[in-house]
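Before any comments, here is the structure.
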Amino acid sequence: MKILLTGAAGFIGFHTAVRLLERGDEVVAIDSVNAYYDVRLKEARLQRLAKYAGFKFIRMDLADRNAVPEVFAAHRPTRVVHLAAQAGVRYSLENPHAYIDSNIVAFMNILEACRHQKVEHLVYASSSSVYGANTAMPFSIHQNVDHPVSLYAASKKANELMAHTYSHLFGLPTVGLRFFTVYGPWGRPDMALFLFTKAILSGQPIQLFNEGKMRRDFTYIDDIVEGVVRVTDRVSPGNPAWTGDDPDPGTSRAPYRIYNIGNNRPVELMHLVGCLEKALGRQAEKILLPMQPGDVPATFADVDDLFKDVGFQPSVSIEDGVGRFVDWYRTFHGL
């Protein structure tokens, strides 16, 4: 297939592009390569992708209303995997407008382009952050998620609502994937595992919010990509049993689906640190801090629907995943 993939210089986008290219798909990749984190890491990912014959890269801002439809018209992709976004809960407290431009305006442009070019299927990144103030565990796609606790979460919830509108009005098949704390080689430097590894190797203390009692459904990148590709291959169907009398938030009569994509095994932050200390052969100096605004104490993904529909089954343990990340980190930084 010819797949248009946004966010190709990002963590999940890079790994997804590799998987698609290695199986023989043609990938038209878009990324603005912004400076939210070290651009050198993004450029290194793109250099790896450039070695594939089926890879074409376009550097552009998806918030550009005129440029997006031009790219779609020129390349006519059969399917779209939209992973570009402004990420980060804490950053959204400081730079809210970045989330409107990148997560709302850009997504609007993607939806319009998919509609007019009659794209077969749109898969896009949502987030576990949409569960916000929910406390019932595990988080289920069939729960109401109308109480976000950060602008980032609100922007992702808005993406799901916008996608449903286009599925309903124009028959555009869409799937939103709520990612749960993705980690692994080539990961984002603003994420806990990367920050902790850098600090421990530098002899610096690490900061543990909620006094280290946070629980996260850490999900290894290979498991995430497997889920993304399986969902991309299966065009979203409507749910004929859906009814407005008892509306299911995760499905619709329109060709629209939402899925959690996580490990289904929450891990306390202190356990992650323990795995990291073992892999590095060093002890961490820990600074215990209170909960940060916009954060939630725990995440836990119910992935039953994703297993039922596409056979998704995560397989990488936190111990193995952290070890693989440390091996990559040492190699990439020449340590």
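We name chains A, B, ... following the order of the structure tokens; residues begin at 1 in each chain, and ligands are numbered from 1 as shown.
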Residues of stretch 131-307 of chain A in helix (DSSP H, G or I), written as a PyMOL selection string = chain A and resi 131+151-170+192-201+209-212+221-233+269-280+304-307
Selection: 8 Å around A:Thr243, only C-alpha atoms, excl. self and same-chain fewer than 4 positions, as a PyMOL selection string | chain A and resi 247-248+253
For atom CA of A:Pro205 and atom CA of A:Gln292, determine how far apart the two atoms are, in Å to one decimal place.
->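 Pair atom CA of A:Pro205 / atom CA of A:Gln292 returns 18.0 Å.
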Close residues, A:Val273 itself excluded, 12 Å, only C-alpha atoms, min 5 positions apart in chain, as a ChimeraX atom specification = /A:192-197,199-200,205-208,212-214,267-268,278-286,318-319,322-323
Any chance you can output those residues with C-alpha atoms as a short mmCIF file (atom, residue, chain, number, x, y, z; two decimals), in the first residue's frame?
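Produced file out-v9.cif, reproduced below:
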data_model
loop_
_atom_site.label_atom_id
_atom_site.label_comp_id
_atom_site.auth_asym_id
_atom_site.auth_seq_id
_atom_site.Cartn_x
_atom_site.Cartn_y
_atom_site.Cartn_z
CA ALA A 192 10.86 9.27 32.30
CA LEU A 193 13.02 6.34 31.17
CA PHE A 194 15.25 8.54 29.00
CA LEU A 195 15.53 11.23 31.69
CA PHE A 196 16.30 8.70 34.42
CA THR A 197 18.95 6.92 32.36
CA ALA A 199 20.66 11.35 35.10
CA ILE A 200 21.88 8.09 36.64
CA PRO A 205 19.48 12.63 41.10
CA ILE A 206 16.17 11.62 39.52
CA GLN A 207 12.83 13.24 40.32
CA LEU A 208 9.94 10.93 41.22
CA GLY A 212 7.36 7.44 43.28
CA LYS A 213 3.91 5.91 43.76
CA MET A 214 2.77 6.58 40.19
CA VAL A 267 4.02 -1.02 36.92
CA GLU A 268 4.88 1.24 39.84
CA LYS A 278 19.85 -3.34 37.43
CA ALA A 279 20.39 -2.77 33.68
CA LEU A 280 22.79 0.12 34.30
CA GLY A 281 24.59 -1.49 37.25
CA ARG A 282 24.19 1.73 39.25
CA GLN A 283 21.97 3.02 42.02
CA ALA A 284 19.84 6.13 41.53
CA GLU A 285 19.71 9.05 43.93
CA LYS A 286 16.00 9.75 44.30
CA ILE A 318 9.22 -4.31 31.58
CA GLU A 319 12.46 -6.07 32.56
CA VAL A 322 14.23 -1.60 29.92
CA GLY A 323 17.27 -3.77 29.18
#
Just the residues within 7 Å of A:Val235, please, counting only C-alpha atoms, with nothing from its chain fewer than 2 positions along; format it as a PyMOL selection string.
-> chain A and resi 121+173+232-233+237
For the residues in that selection, give me N, CA and C atoms as a JSON list (two decimals), in the first residue's frame.
[["chain", "number", "residue", "atom", "x", "y", "z"],
["A", 121, "HIS", "N", -8.77, 4.65, 4.78],
["A", 121, "HIS", "CA", -8.75, 4.39, 6.22],
["A", 121, "HIS", "C", -7.80, 5.39, 6.88],
["A", 173, "PRO", "N", -13.65, 5.85, 7.27],
["A", 173, "PRO", "CA", -13.31, 4.92, 8.34],
["A", 173, "PRO", "C", -12.15, 5.47, 9.18],
["A", 232, "THR", "N", -4.12, -0.65, 11.09],
["A", 232, "THR", "CA", -4.04, -0.01, 9.77],
["A", 232, "THR", "C", -4.53, -0.96, 8.68],
["A", 233, "ASP", "N", -4.21, -2.23, 8.82],
["A", 233, "ASP", "CA", -4.57, -3.21, 7.81],
["A", 233, "ASP", "C", -6.06, -3.55, 7.82],
["A", 237, "PRO", "N", -14.91, -1.00, 10.73],
["A", 237, "PRO", "CA", -16.32, -1.20, 10.37],
["A", 237, "PRO", "C", -17.22, -0.44, 11.35]]
Write out as a list in words which residues come within 7 Å of stretch 63-76 of chain A when counting only C-alpha atoms, dropping same-chain ones fewer than 5 positions away.
-> Asp101, Ser102, Val105, Ala106, Asn109, Ala113 and Gln117 of chain A
Determine the nearest neighbour of A:Asp217 from the options A:Ile104, A:Val27, A:Leu272, A:Val89, counting only C-alpha atoms.
->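 Among the listed residues, A:Leu272 lies closest to A:Asp217.
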Can you pull out every residue within 8 Å of A:Val80, counting only C-alpha atoms, but drop anything in the same chain fewer than 2 positions away, and send it as a PDB file with N, CA, C and O atoms, in the first residue's frame?
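Wrote it out as around.pdb, contents follow:
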ATOM      1  N   ILE A   3       1.146   4.472   2.001  1.00  0.00           N
ATOM      2  CA  ILE A   3       0.669   4.975   3.279  1.00  0.00           C
ATOM      3  C   ILE A   3       1.297   6.325   3.579  1.00  0.00           C
ATOM      4  O   ILE A   3       2.524   6.477   3.531  1.00  0.00           O
ATOM      5  N   LEU A   4       0.458   7.304   3.851  1.00  0.00           N
ATOM      6  CA  LEU A   4       0.951   8.602   4.289  1.00  0.00           C
ATOM      7  C   LEU A   4       1.058   8.554   5.805  1.00  0.00           C
ATOM      8  O   LEU A   4       0.073   8.278   6.494  1.00  0.00           O
ATOM      9  N   LEU A   5       2.262   8.781   6.319  1.00  0.00           N
ATOM     10  CA  LEU A   5       2.542   8.680   7.746  1.00  0.00           C
ATOM     11  C   LEU A   5       3.036  10.021   8.257  1.00  0.00           C
ATOM     12  O   LEU A   5       4.051  10.542   7.790  1.00  0.00           O
ATOM     13  N   PRO A  77      -2.436   8.863  -1.226  1.00  0.00           N
ATOM     14  CA  PRO A  77      -2.254   7.686  -0.369  1.00  0.00           C
ATOM     15  C   PRO A  77      -3.539   6.883  -0.246  1.00  0.00           C
ATOM     16  O   PRO A  77      -4.639   7.432  -0.319  1.00  0.00           O
ATOM     17  N   THR A  78      -3.390   5.560  -0.080  1.00  0.00           N
ATOM     18  CA  THR A  78      -4.571   4.719   0.123  1.00  0.00           C
ATOM     19  C   THR A  78      -5.010   4.755   1.589  1.00  0.00           C
ATOM     20  O   THR A  78      -6.198   4.718   1.880  1.00  0.00           O
ATOM     21  N   HIS A  82      -1.782   8.889  11.174  1.00  0.00           N
ATOM     22  CA  HIS A  82      -1.493  10.241  11.667  1.00  0.00           C
ATOM     23  C   HIS A  82      -0.985  10.164  13.109  1.00  0.00           C
ATOM     24  O   HIS A  82      -1.765  10.045  14.051  1.00  0.00           O
ATOM     25  N   CYS A 114      -8.238  13.757   3.880  1.00  0.00           N
ATOM     26  CA  CYS A 114      -8.698  12.367   3.752  1.00  0.00           C
ATOM     27  C   CYS A 114     -10.071  12.301   3.085  1.00  0.00           C
ATOM     28  O   CYS A 114     -10.330  11.449   2.229  1.00  0.00           O
ATOM     29  N   VAL A 119      -9.595   8.751   1.048  1.00  0.00           N
ATOM     30  CA  VAL A 119      -8.668   7.824   1.697  1.00  0.00           C
ATOM     31  C   VAL A 119      -9.458   6.648   2.265  1.00  0.00           C
ATOM     32  O   VAL A 119     -10.536   6.816   2.839  1.00  0.00           O
ATOM     33  N   HIS A 121      -8.775   4.646   4.777  1.00  0.00           N
ATOM     34  CA  HIS A 121      -8.745   4.393   6.220  1.00  0.00           C
ATOM     35  C   HIS A 121      -7.799   5.391   6.882  1.00  0.00           C
ATOM     36  O   HIS A 121      -6.680   5.607   6.397  1.00  0.00           O
ATOM     37  N   LEU A 122      -8.230   5.980   7.989  1.00  0.00           N
ATOM     38  CA  LEU A 122      -7.404   6.890   8.782  1.00  0.00           C
ATOM     39  C   LEU A 122      -7.221   6.318  10.182  1.00  0.00           C
ATOM     40  O   LEU A 122      -8.203   6.077  10.903  1.00  0.00           O
ATOM     41  N   VAL A 123      -5.957   6.110  10.557  1.00  0.00           N
ATOM     42  CA  VAL A 123      -5.600   5.706  11.914  1.00  0.00           C
ATOM     43  C   VAL A 123      -4.873   6.884  12.551  1.00  0.00           C
ATOM     44  O   VAL A 123      -3.981   7.466  11.932  1.00  0.00           O
TER      45      VAL A 123
END
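Of the listed residues A:Thr331, A:Asn210, A:Thr174, A:Ser150, the one whose atoms come nearest to A:Tyr256 is A:Thr174, with distances taken using only C-alpha atoms.
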Determine, counting only C-alpha atoms, which protein, DNA and RNA residues have an atom within 10 Å of an atom of A:Val175; residues of the same chain fewer than 6 positions away are not included. Present the result as a list in words.
-> Val81, His121, Leu122, Val123, Tyr124, Ala125, Ser126, Glu160, Ala163, His164, Ser167, Val228, Val231, Thr232, Arg234, Val235, Ser236, Pro237, Gly250, Thr251, Pro255, Tyr256, Arg257, Ile258 and Tyr259 of chain A
With only C-alpha atoms as the atoms that count, which of A:Thr16, A:Ala9, A:Gly54, A:Lys308 lies nearest to A:Ser32?
-> A:Ala9
Could you state the separation of atom CA of A:Ser140 and atom CA of A:Leu269 in Å, given to one decimal place?
->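 Result for atom CA of A:Ser140 versus atom CA of A:Leu269: 22.0 Å, one decimal.
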Shortest interatomic distance to A:Asp309 - which of A:His271, A:Asp295, A:Gln143, A:Gly227, counting only C-alpha atoms =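 Selected residue with least distance to A:Asp309: A:Gly227.
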